[in-house]
>>> print(open('model16.pdb').read())   # PDB, C-alpha atoms
ATOM      1  CA  MET Z 568      89.869 108.633 111.784
ATOM      2  CA  ILE Z 569      87.192 106.079 111.118
ATOM      3  CA  GLU Z 570      85.652 104.548 114.185
ATOM      4  CA  GLU Z 571      83.902 101.251 113.905
ATOM      5  CA  THR Z 572      81.563  99.375 116.146
ATOM      6  CA  SER Z 573      80.428  95.767 116.245
ATOM      7  CA  VAL Z 574      76.737  95.166 116.659
ATOM      8  CA  PRO Z 575      74.478  92.158 116.584
ATOM      9  CA  PRO Z 576      72.730  91.986 113.162
ATOM     10  CA  PRO Z 577      69.203  93.419 113.353
ATOM     11  CA  GLY Z 578      66.338  91.161 112.379
ATOM     12  CA  ARG Z 579      68.389  88.033 112.837
ATOM     13  CA  ASP Z 580      66.775  84.634 112.437
ATOM     14  CA  ARG Z 581      63.915  86.215 110.520
ATOM     15  CA  GLY Z 582      62.068  83.593 108.490
ATOM     16  CA  ARG Z 583      64.589  80.860 109.040
ATOM     17  CA  THR Z 584      66.020  78.918 111.841
ATOM     18  CA  THR Z 585      69.605  78.149 112.543
ATOM     19  CA  SER Z 586      71.235  76.287 115.290
ATOM     20  CA  ALA Z 587      74.539  78.165 115.174
ATOM     21  CA  ASP Z 588      75.188  81.080 117.488
ATOM     22  CA  PRO Z 589      75.127  84.347 115.444
ATOM     23  CA  ALA Z 590      78.420  85.427 116.965
ATOM     24  CA  ALA Z 591      79.964  82.249 115.630
ATOM     25  CA  ARG Z 592      78.787  82.958 112.066
ATOM     26  CA  GLY Z 593      80.660  86.250 111.787
ATOM     27  CA  ARG Z 594      80.668  89.914 112.795
ATOM     28  CA  LEU Z 595      78.838  92.955 111.500
ATOM     29  CA  VAL Z 596      80.996  96.065 111.690
ATOM     30  CA  LEU Z 597      79.581  99.539 111.105
ATOM     31  CA  ALA Z 598      81.711 102.585 110.367
ATOM     32  CA  GLU Z 599      80.886 106.008 111.769
ATOM     33  CA  ARG Z 600      79.856 107.190 108.334
ATOM     34  CA  VAL Z 601      77.163 104.535 108.141
ATOM     35  CA  VAL Z 602      75.575 105.720 111.367
ATOM     36  CA  GLU Z 603      75.892 109.325 110.170
ATOM     37  CA  LYS Z 604      74.226 108.579 106.818
ATOM     38  CA  VAL Z 605      71.425 106.585 108.404
ATOM     39  CA  ALA Z 606      70.800 109.297 111.004
ATOM     40  CA  ALA Z 607      70.867 112.050 108.356
ATOM     41  CA  GLN Z 608      68.366 110.181 106.180
ATOM     42  CA  CYS Z 609      66.065 109.504 109.154
ATOM     43  CA  ALA Z 610      66.260 113.163 110.195
ATOM     44  CA  SER Z 611      65.400 114.375 106.683
ATOM     45  CA  GLU Z 612      62.246 112.281 106.751
ATOM     46  CA  ILE Z 613      60.959 114.128 109.804
ATOM     47  CA  ALA Z 614      58.449 116.848 108.983
ATOM     48  CA  ASP Z 615      59.698 120.447 109.350
ATOM     49  CA  VAL Z 616      63.382 119.417 109.353
ATOM     50  CA  GLY Z 617      65.836 120.210 106.563
ATOM     51  CA  GLY Z 618      69.521 120.561 105.795
ATOM     52  CA  ARG Z 619      71.699 122.754 103.650
ATOM     53  CA  SER Z 620      72.595 122.576  99.986
ATOM     54  CA  ARG Z 621      76.201 121.543  99.279
ATOM     55  CA  GLY Z 622      77.376 124.731  97.584
ATOM     56  CA  PHE Z 623      80.763 124.887  95.876
ATOM     57  CA  LEU Z 624      83.715 123.780  98.011
ATOM     58  CA  GLY Z 625      81.587 124.486 101.039
ATOM     59  CA  LEU Z 626      80.883 128.055  99.909
ATOM     60  CA  GLY Z 627      77.415 129.358  99.175
ATOM     61  CA  ARG Z 628      75.675 126.692 101.243
ATOM     62  CA  GLN Z 629      72.066 127.634 101.715
ATOM     63  CA  GLY Z 630      69.179 126.305 103.715
ATOM     64  CA  ASP Z 631      67.436 123.590 101.746
ATOM     65  CA  PRO Z 632      64.510 121.783 103.388
ATOM     66  CA  SER Z 633      64.831 118.886 100.943
ATOM     67  CA  SER Z 634      68.469 118.224 101.839
ATOM     68  CA  ARG Z 635      69.672 115.947 104.576
ATOM     69  CA  PRO Z 636      70.924 117.585 107.762
ATOM     70  CA  ARG Z 637      74.615 117.370 108.526
ATOM     71  CA  VAL Z 638      75.276 114.670 111.091
ATOM     72  CA  THR Z 639      78.426 113.819 112.985
ATOM     73  CA  ALA Z 640      78.529 110.579 114.938
ATOM     74  CA  GLU Z 641      80.851 109.589 117.719
ATOM     75  CA  LEU Z 642      80.961 105.892 118.485
ATOM     76  CA  THR Z 643      81.958 104.474 121.814
ATOM     77  CA  GLY Z 644      81.534 100.744 121.892
ATOM     78  CA  GLY Z 645      77.952 100.030 120.890
ATOM     79  CA  VAL Z 646      76.756 103.514 121.800
ATOM     80  CA  ALA Z 647      76.639 106.557 119.527
ATOM     81  CA  SER Z 648      76.453 110.271 120.231
ATOM     82  CA  LEU Z 649      75.134 112.381 117.386
ATOM     83  CA  SER Z 650      75.564 116.040 116.527
ATOM     84  CA  LEU Z 651      73.192 117.532 113.965
ATOM     85  CA  GLU Z 652      73.185 120.836 112.164
ATOM     86  CA  LEU Z 653      69.824 121.461 110.577
ATOM     87  CA  GLY Z 654      67.083 123.864 109.643
ATOM     88  CA  VAL Z 655      63.529 123.975 110.946
ATOM     89  CA  ARG Z 656      60.488 125.177 109.049
ATOM     90  CA  TYR Z 657      59.279 128.519 110.402
ATOM     91  CA  PRO Z 658      57.096 128.938 112.450
ATOM     92  CA  ALA Z 659      57.089 125.340 113.714
ATOM     93  CA  SER Z 660      57.885 125.057 117.399
ATOM     94  CA  ILE Z 661      61.643 124.542 117.607
ATOM     95  CA  GLU Z 662      61.488 122.767 120.943
ATOM     96  CA  GLU Z 663      58.756 120.341 119.870
ATOM     97  CA  THR Z 664      60.285 119.678 116.460
ATOM     98  CA  THR Z 665      63.750 118.942 117.810
ATOM     99  CA  GLN Z 666      62.369 116.844 120.651
ATOM    100  CA  ARG Z 667      60.335 114.800 118.153
ATOM    101  CA  LEU Z 668      63.437 114.458 115.977
ATOM    102  CA  ARG Z 669      65.489 113.306 118.938
ATOM    103  CA  GLU Z 670      62.980 110.603 119.902
ATOM    104  CA  GLU Z 671      62.553 109.458 116.324
ATOM    105  CA  LEU Z 672      66.308 109.286 115.678
ATOM    106  CA  ARG Z 673      66.950 107.363 118.849
ATOM    107  CA  HIS Z 674      64.304 104.836 117.893
ATOM    108  CA  ARG Z 675      65.031 104.506 114.182
ATOM    109  CA  VAL Z 676      68.833 104.535 114.229
ATOM    110  CA  ALA Z 677      68.810 101.870 116.903
ATOM    111  CA  GLY Z 678      66.318  99.843 114.869
ATOM    112  CA  LEU Z 679      68.211 100.147 111.577
ATOM    113  CA  THR Z 680      71.777  99.782 112.775
ATOM    114  CA  GLY Z 681      71.542  98.168 116.175
ATOM    115  CA  VAL Z 682      73.587 101.019 117.650
ATOM    116  CA  GLU Z 683      72.110 102.640 120.729
ATOM    117  CA  VAL Z 684      71.959 106.423 120.418
ATOM    118  CA  ARG Z 685      72.490 108.074 123.745
ATOM    119  CA  GLN Z 686      73.046 111.805 123.268
ATOM    120  CA  ILE Z 687      71.847 113.944 120.370
ATOM    121  CA  ASP Z 688      73.106 117.513 120.170
ATOM    122  CA  ILE Z 689      71.235 119.725 117.726
ATOM    123  CA  ARG Z 690      72.188 123.122 116.364
ATOM    124  CA  VAL Z 691      69.475 124.931 114.445
ATOM    125  CA  GLY Z 692      71.293 126.906 111.779
ATOM    126  CA  TYR Z 693      68.398 128.446 109.905
ATOM    127  CA  LEU Z 694      64.615 128.704 109.817
ATOM    128  CA  HIS Z 695      63.045 127.888 106.494
ATOM    129  CA  GLN Z 696      60.213 130.186 105.414
ATOM    130  CA  GLY Z 697      59.748 129.133 101.832
ATOM    131  CA  ALA Z 698      56.941 127.082 100.387
ATOM    132  CA  SER Z 699      56.281 123.848 102.199
ATOM    133  CA  ALA Z 700      56.514 120.481 100.497
ATOM    134  CA  GLU Z 701      52.836 120.691  99.562
ATOM    135  CA  GLU Z 702      53.135 124.157  98.025
ATOM    136  CA  ARG Z 703      54.512 124.995  94.601
ATOM    137  CA  THR Z 704      55.584 128.267  93.038
ATOM    138  CA  LEU Z 705      54.419 129.147  89.517
ATOM    139  CA  ARG Z 706      56.961 131.024  87.392
TER     140      ARG Z 706
ATOM    141  CA  MET U1240      67.674 149.140 117.751
ATOM    142  CA  ARG U1241      71.141 150.049 119.006
ATOM    143  CA  ILE U1242      71.779 150.980 122.586
ATOM    144  CA  LEU U1243      73.860 154.052 123.362
ATOM    145  CA  ALA U1244      75.627 154.881 126.587
ATOM    146  CA  GLY U1245      73.182 157.701 127.369
ATOM    147  CA  ALA U1246      72.799 157.050 131.095
ATOM    148  CA  LEU U1247      76.565 156.685 131.578
ATOM    149  CA  ASN U1248      77.211 159.913 129.690
ATOM    150  CA  ARG U1249      74.631 161.818 131.728
ATOM    151  CA  THR U1250      76.061 160.518 134.995
ATOM    152  CA  TRP U1251      79.666 161.397 134.210
ATOM    153  CA  LEU U1252      78.786 164.773 132.685
ATOM    154  CA  THR U1253      76.768 165.609 135.802
ATOM    155  CA  ILE U1254      79.678 164.640 138.086
ATOM    156  CA  ILE U1255      82.222 166.594 136.018
ATOM    157  CA  GLY U1256      79.857 169.587 135.793
ATOM    158  CA  LEU U1257      79.296 169.642 139.555
ATOM    159  CA  VAL U1258      83.042 169.404 140.279
ATOM    160  CA  LEU U1259      83.795 172.254 137.882
ATOM    161  CA  LEU U1260      80.910 174.311 139.277
ATOM    162  CA  VAL U1261      82.140 173.926 142.863
ATOM    163  CA  ALA U1262      85.735 174.706 141.834
ATOM    164  CA  GLY U1263      84.637 177.795 139.886
ATOM    165  CA  ALA U1264      82.471 179.059 142.747
ATOM    166  CA  ALA U1265      85.349 178.547 145.222
ATOM    167  CA  TRP U1266      87.706 180.398 142.886
ATOM    168  CA  LEU U1267      85.309 183.334 142.610
ATOM    169  CA  LEU U1268      84.766 183.481 146.371
ATOM    170  CA  ALA U1269      88.502 183.352 147.019
ATOM    171  CA  ALA U1270      89.132 186.099 144.450
ATOM    172  CA  ALA U1271      86.443 188.274 146.085
ATOM    173  CA  GLY U1272      88.107 187.815 149.465
ATOM    174  CA  VAL U1273      85.091 186.130 151.020
ATOM    175  CA  LEU U1274      87.159 183.127 152.122
ATOM    176  CA  ALA U1275      90.022 185.185 153.596
ATOM    177  CA  PRO U1276      88.748 184.912 157.205
ATOM    178  CA  LEU U1277      88.874 181.114 156.940
ATOM    179  CA  ASP U1278      92.540 180.876 155.950
ATOM    180  CA  ALA U1279      95.214 183.487 155.375
ATOM    181  CA  ARG U1280      96.353 181.704 152.190
ATOM    182  CA  LEU U1281      92.933 182.407 150.665
ATOM    183  CA  ASP U1282      93.430 186.155 150.915
ATOM    184  CA  PRO U1283      93.426 187.848 147.474
ATOM    185  CA  GLY U1284      96.780 189.424 148.205
ATOM    186  CA  ALA U1285      98.422 186.188 149.387
ATOM    187  CA  THR U1286     100.753 184.082 147.250
ATOM    188  CA  PRO U1287      99.591 180.522 147.946
ATOM    189  CA  LEU U1288     101.708 179.080 145.130
ATOM    190  CA  GLY U1289     104.872 180.789 146.336
ATOM    191  CA  GLY U1290     106.511 177.563 147.576
ATOM    192  CA  VAL U1291     105.610 175.443 144.573
ATOM    193  CA  GLU U1292     109.161 175.543 143.151
ATOM    194  CA  ASP U1293     110.419 173.644 146.180
ATOM    195  CA  GLY U1294     107.766 170.932 145.729
ATOM    196  CA  LEU U1295     108.586 170.438 142.041
ATOM    197  CA  GLY U1296     111.995 169.150 142.992
ATOM    198  CA  LEU U1297     110.572 166.098 144.750
ATOM    199  CA  GLU U1298     111.876 162.866 143.231
ATOM    200  CA  TRP U1299     108.627 160.916 143.427
ATOM    201  CA  LEU U1300     106.451 163.649 141.934
ATOM    202  CA  PRO U1301     106.989 162.803 138.205
ATOM    203  CA  ALA U1302     106.151 159.141 138.819
ATOM    204  CA  VAL U1303     102.951 160.046 140.658
ATOM    205  CA  LEU U1304     101.934 162.508 137.925
ATOM    206  CA  ILE U1305     102.609 159.942 135.190
ATOM    207  CA  ALA U1306     100.554 157.301 137.037
ATOM    208  CA  ALA U1307      97.673 159.739 137.558
ATOM    209  CA  ALA U1308      97.791 160.757 133.874
ATOM    210  CA  ALA U1309      97.797 157.096 132.796
ATOM    211  CA  LEU U1310      94.791 156.383 135.032
ATOM    212  CA  LEU U1311      92.914 159.350 133.595
ATOM    213  CA  ALA U1312      93.804 158.247 130.058
ATOM    214  CA  LEU U1313      92.485 154.733 130.743
ATOM    215  CA  LEU U1314      89.237 156.102 132.188
ATOM    216  CA  ALA U1315      88.863 158.382 129.173
ATOM    217  CA  LEU U1316      89.471 155.503 126.759
ATOM    218  CA  ALA U1317      86.966 153.290 128.584
ATOM    219  CA  TRP U1318      84.394 156.042 128.367
ATOM    220  CA  LEU U1319      85.160 156.532 124.682
ATOM    221  CA  GLY U1320      84.790 152.796 124.118
ATOM    222  CA  ARG U1321      81.356 152.835 125.672
ATOM    223  CA  GLN U1322      80.217 155.302 122.999
ATOM    224  CA  VAL U1323      80.193 152.531 120.393
ATOM    225  CA  PRO U1324      76.504 151.583 119.874
ATOM    226  CA  ARG U1325      75.690 148.061 121.028
ATOM    227  CA  ARG U1326      72.919 145.739 119.886
ATOM    228  CA  ARG U1327      72.996 143.572 123.007
ATOM    229  CA  GLN U1328      71.440 140.696 121.131
ATOM    230  CA  ALA U1329      70.479 137.641 123.124
ATOM    231  CA  PRO U1330      73.159 134.967 123.270
ATOM    232  CA  THR U1331      72.603 131.471 121.954
ATOM    233  CA  LEU U1332      69.100 130.221 122.771
ATOM    234  CA  GLN U1333      68.621 126.819 124.380
ATOM    235  CA  PHE U1334      65.633 124.637 123.508
ATOM    236  CA  HIS U1335      66.419 121.348 125.211
ATOM    237  CA  ARG U1336      64.468 119.932 128.120
ATOM    238  CA  ASP U1337      67.138 117.633 129.520
ATOM    239  CA  ALA U1338      70.769 118.317 128.641
ATOM    240  CA  ARG U1339      71.658 114.697 129.408
ATOM    241  CA  GLU U1340      69.740 113.660 126.272
ATOM    242  CA  GLY U1341      71.544 116.317 124.223
ATOM    243  CA  VAL U1342      71.388 120.037 123.792
ATOM    244  CA  THR U1343      69.420 122.055 121.244
ATOM    245  CA  LEU U1344      70.994 125.410 120.460
ATOM    246  CA  MET U1345      70.183 128.232 118.076
ATOM    247  CA  ASP U1346      71.745 131.654 117.618
ATOM    248  CA  ALA U1347      69.314 134.435 118.435
ATOM    249  CA  SER U1348      70.116 136.026 115.084
ATOM    250  CA  VAL U1349      68.482 133.066 113.303
ATOM    251  CA  ILE U1350      65.023 133.858 114.647
ATOM    252  CA  SER U1351      65.642 137.608 114.377
ATOM    253  CA  GLU U1352      66.260 137.174 110.660
ATOM    254  CA  ALA U1353      63.128 135.027 110.282
ATOM    255  CA  VAL U1354      61.001 137.675 112.008
ATOM    256  CA  ALA U1355      62.517 140.425 109.863
ATOM    257  CA  ARG U1356      61.747 138.437 106.706
ATOM    258  CA  ASP U1357      58.149 138.006 107.896
ATOM    259  CA  VAL U1358      57.806 141.755 108.354
ATOM    260  CA  GLU U1359      59.291 142.394 104.930
ATOM    261  CA  GLU U1360      56.500 140.262 103.455
ATOM    262  CA  LEU U1361      53.943 142.834 104.619
ATOM    263  CA  GLU U1362      52.493 145.298 102.185
ATOM    264  CA  HIS U1363      54.429 148.563 101.716
ATOM    265  CA  VAL U1364      57.272 147.469 103.974
ATOM    266  CA  THR U1365      60.572 148.337 102.312
ATOM    267  CA  SER U1366      62.886 146.716 104.822
ATOM    268  CA  ALA U1367      62.902 145.460 108.379
ATOM    269  CA  ARG U1368      65.380 144.518 111.064
ATOM    270  CA  ALA U1369      64.785 142.628 114.273
ATOM    271  CA  VAL U1370      66.825 142.128 117.420
ATOM    272  CA  LEU U1371      65.984 139.589 120.095
ATOM    273  CA  ARG U1372      67.192 140.321 123.606
ATOM    274  CA  GLY U1373      66.892 138.578 126.939
ATOM    275  CA  GLY U1374      66.727 134.868 127.636
ATOM    276  CA  ARG U1375      64.518 132.305 125.980
ATOM    277  CA  SER U1376      62.024 132.250 128.846
ATOM    278  CA  ALA U1377      61.397 136.011 128.612
ATOM    279  CA  PRO U1378      62.568 137.213 125.204
ATOM    280  CA  GLU U1379      62.292 140.835 124.174
ATOM    281  CA  LEU U1380      61.904 141.765 120.530
ATOM    282  CA  THR U1381      62.769 145.069 118.922
ATOM    283  CA  LEU U1382      61.702 145.740 115.352
ATOM    284  CA  ARG U1383      62.728 148.505 112.994
ATOM    285  CA  VAL U1384      60.345 148.760 110.068
ATOM    286  CA  VAL U1385      60.978 151.011 107.078
ATOM    287  CA  LEU U1386      57.671 151.771 105.427
ATOM    288  CA  HIS U1387      56.929 153.221 102.021
ATOM    289  CA  GLU U1388      55.267 156.616 102.217
ATOM    290  CA  ARG U1389      52.056 155.187 100.732
ATOM    291  CA  GLY U1390      51.852 152.567 103.429
ATOM    292  CA  ASP U1391      49.495 152.651 106.373
ATOM    293  CA  ALA U1392      51.535 152.384 109.566
ATOM    294  CA  GLN U1393      48.487 151.322 111.585
ATOM    295  CA  GLU U1394      47.767 148.442 109.199
ATOM    296  CA  VAL U1395      51.378 147.302 109.346
ATOM    297  CA  LEU U1396      51.367 147.402 113.146
ATOM    298  CA  GLU U1397      48.160 145.361 113.213
ATOM    299  CA  ALA U1398      49.693 142.815 110.851
ATOM    300  CA  ILE U1399      52.791 142.617 113.028
ATOM    301  CA  THR U1400      50.667 142.087 116.121
ATOM    302  CA  GLY U1401      48.255 139.657 114.502
ATOM    303  CA  TRP U1402      50.541 137.632 112.253
ATOM    304  CA  VAL U1403      54.272 138.216 112.728
ATOM    305  CA  LEU U1404      54.465 138.081 116.522
ATOM    306  CA  PRO U1405      52.278 134.966 116.993
ATOM    307  CA  ARG U1406      54.533 133.110 114.541
ATOM    308  CA  ALA U1407      57.621 134.160 116.487
ATOM    309  CA  VAL U1408      56.014 133.093 119.772
ATOM    310  CA  ARG U1409      55.076 129.746 118.278
ATOM    311  CA  ALA U1410      58.616 129.114 117.059
ATOM    312  CA  LEU U1411      60.189 130.230 120.324
ATOM    313  CA  GLY U1412      57.687 128.389 122.478
ATOM    314  CA  ALA U1413      57.579 131.281 124.937
ATOM    315  CA  PRO U1414      55.629 134.544 125.081
ATOM    316  CA  LEU U1415      57.464 137.752 124.316
ATOM    317  CA  ALA U1416      58.088 139.734 127.505
ATOM    318  CA  ASP U1417      58.377 143.002 125.625
ATOM    319  CA  VAL U1418      58.026 144.196 122.028
ATOM    320  CA  GLY U1419      59.214 147.496 120.613
ATOM    321  CA  VAL U1420      58.482 148.666 117.072
ATOM    322  CA  GLU U1421      60.238 151.604 115.451
ATOM    323  CA  VAL U1422      58.665 152.784 112.194
ATOM    324  CA  ALA U1423      60.545 154.882 109.659
ATOM    325  CA  VAL U1424      59.149 156.201 106.384
ATOM    326  CA  THR U1425      60.919 156.266 103.044
ATOM    327  CA  ARG U1426      60.085 157.135  99.450
ATOM    328  CA  GLN U1427      61.906 154.112  98.133
ATOM    329  CA  SER U1428      59.784 151.099  97.352
ATOM    330  CA  ARG U1429      60.788 147.491  97.185
ATOM    331  CA  ARG U1430      59.927 145.453  94.120
ATOM    332  CA  ARG U1431      59.241 141.784  94.539
ATOM    333  CA  GLU U1432      59.602 139.034  92.009
ATOM    334  CA  HIS U1433      56.834 136.932  93.516
ATOM    335  CA  VAL U1434      53.382 137.578  94.836
ATOM    336  CA  ARG U1435      51.274 135.203  96.853
ATOM    337  CA  VAL U1436      47.688 135.191  95.564
ATOM    338  CA  GLN U1437      46.189 132.393  97.606
TER     339      GLN U1437
END
>>> encode(input="model16.pdb", output="structure tokens")
Amino acid sequence: MIEETSVPPPGRDRGRTTSADPAARGRLVLAERVVEKVAAQCASEIADVGGRSRGFLGLGRQGDPSSRPRVTAELTGGVASLSLELGVRYPASIEETTQRLREELRHRVAGLTGVEVRQIDIRVGYLHQGASAEERTLR
Amino acid sequence: MRILAGALNRTWLTIIGLVLLVAGAAWLLAAAGVLAPLDARLDPGATPLGGVEDGLGLEWLPAVLIAAAALLALLALAWLGRQVPRRRQAPTLQFHRDAREGVTLMDASVISEAVARDVEELEHVTSARAVLRGGRSAPELTLRVVLHERGDAQEVLEAITGWVLPRAVRALGAPLADVGVEVAVTRQSRRREHVRVQ
């Protein structure tokens, strides 16, 4: 079931002036998937956080630090609760990394979508020990 | 790595042994006639089981015997079940500060596997397994390291202490309350497809 939420458009009245009330000009409706995609992209941009590769029909999914974490959003009015399944680079501090992710998501998702993020549940599914983004492997 | 029911076995075997020892000693004393002055039925010439046939006719006796046998069978099965080795791995670890903002959870096996992979990166280590026990505030780590016969166990232990454990502590965010390392030696070596040179 697709949940939707109405939010005031972010960045309204930027660079131009209008006399009409924004609510009178129309509505901006966001689906759950939009919030999920935005949150997943924001999470993937956080250092030390990764997702899982897609695999085939859900089989053979492996930890992939360059993938986006899996995000599930639950919308209630203008408030969202997020659930993330992700990987953390080892040996980064799991508590600090996830706390940083939580703060960043709350700030950025609200800024990009206008939806307030209240609760963010995180499940760390794997710890990535491969080469970091700056390292390369010669074959 | 795996925990056996050693203490339970010792306790029950001691209790059963003591009961059998007391019963055997009483039997011997009764047979020697030492207990005859205490009770006439304990005389070697007496027939203490003479009236048993009358008792066997009691209606409630089979039900009581069946119940007692069932109880003994259950106790025996429970004891047998406890013989299965257990890992007693820590449950899901919690990393959140305030659950109202959301929870952060991770299975203990995730970090156990990461630690084991770290150990397997060490020179001459053929394979490694790790088990994390206890809560997140006071975790206990048990390592089983299989080392090639050419390997230096002391060097591997130093590498575990100086490199592997600090990484685990950093990831967990809490000092390890206890660490146990079991080293086994094998002739099999482990070939790697990659080597880190810098």
>>> atom_distance(input="model16.pdb", atom1="atom CA of Leu1314 of chain U", atom2="atom CA of Val1291 of chain U")
28.2 Å
>>> interface_residues(input="model16.pdb", of="chain U", to="chain Z", cutoff="7 Å", atoms="all atoms listed in the file", output="VMD selection string")
chain U and resid 1334 to 1335 1339 to 1345 1349 1353 1406 to 1407 1409 to 1412
>>> resolve_selection(input="model16.pdb", expression="the PyMOL selection byres ((chain Z and resi 632-641) around 10)", output="PyMOL selection string")
chain Z and resi 569-571+598-612+614-621+629-631+642-644+646-656+684+686-689+694-700
>>> atom_distance(input="model16.pdb", atom1="atom CA of Glu1352 of chain U", atom2="atom CA of Ala1329 of chain U")
13.2 Å
>>> atom_distance(input="model16.pdb", atom1="atom CA of Thr1425 of chain U", atom2="atom CA of Arg1356 of chain U")
18.2 Å
>>> resolve_selection(input="model16.pdb", expression="the PyMOL selection byres ((chain U and resi 1363) around 8)", output="list in words")
Leu1361, Glu1362, Val1364, Thr1365, Leu1386, His1387, Arg1389, Gly1390, Asp1391, Ser1428 and Arg1429 of chain U
>>> residues_near_point(input="model16.pdb", point="(62.2, 145.9, 118.9)", cutoff="12 Å", atoms="all atoms listed in the file", output="PyMOL selection string")
chain U and resi 1240-1242+1326-1328+1351+1354-1355+1367-1373+1378-1384+1399+1404+1415-1422
>>> axis_aligned_box(input="model16.pdb", around="segment 664-678 of chain Z", padding_each_side="3 Å", output="AutoDock Vina command-line options")
--center_x 64.6 --center_y 109.8 --center_z 117.4 --size_x 14.5 --size_y 25.8 --size_z 12.5
>>> residues_around(input="model16.pdb", residues="segment 1282-1287 of chain U", least_positions_apart="2", cutoff="9 Å", atoms="only C-alpha atoms", output="mmCIF file with C-alpha atoms, in the frame of the given file")
data_model
loop_
_atom_site.group_PDB
_atom_site.id
_atom_site.type_symbol
_atom_site.label_atom_id
_atom_site.label_comp_id
_atom_site.auth_asym_id
_atom_site.auth_seq_id
_atom_site.Cartn_x
_atom_site.Cartn_y
_atom_site.Cartn_z
ATOM 1 C CA ALA U 1269 88.502 183.352 147.019
ATOM 2 C CA ALA U 1270 89.132 186.099 144.450
ATOM 3 C CA ALA U 1271 86.443 188.274 146.085
ATOM 4 C CA GLY U 1272 88.107 187.815 149.465
ATOM 5 C CA VAL U 1273 85.091 186.130 151.020
ATOM 6 C CA LEU U 1274 87.159 183.127 152.122
ATOM 7 C CA ALA U 1275 90.022 185.185 153.596
ATOM 8 C CA PRO U 1276 88.748 184.912 157.205
ATOM 9 C CA ASP U 1278 92.540 180.876 155.950
ATOM 10 C CA ALA U 1279 95.214 183.487 155.375
ATOM 11 C CA ARG U 1280 96.353 181.704 152.190
ATOM 12 C CA GLY U 1289 104.872 180.789 146.336
ATOM 13 C CA GLY U 1290 106.511 177.563 147.576
ATOM 14 C CA VAL U 1291 105.610 175.443 144.573
#
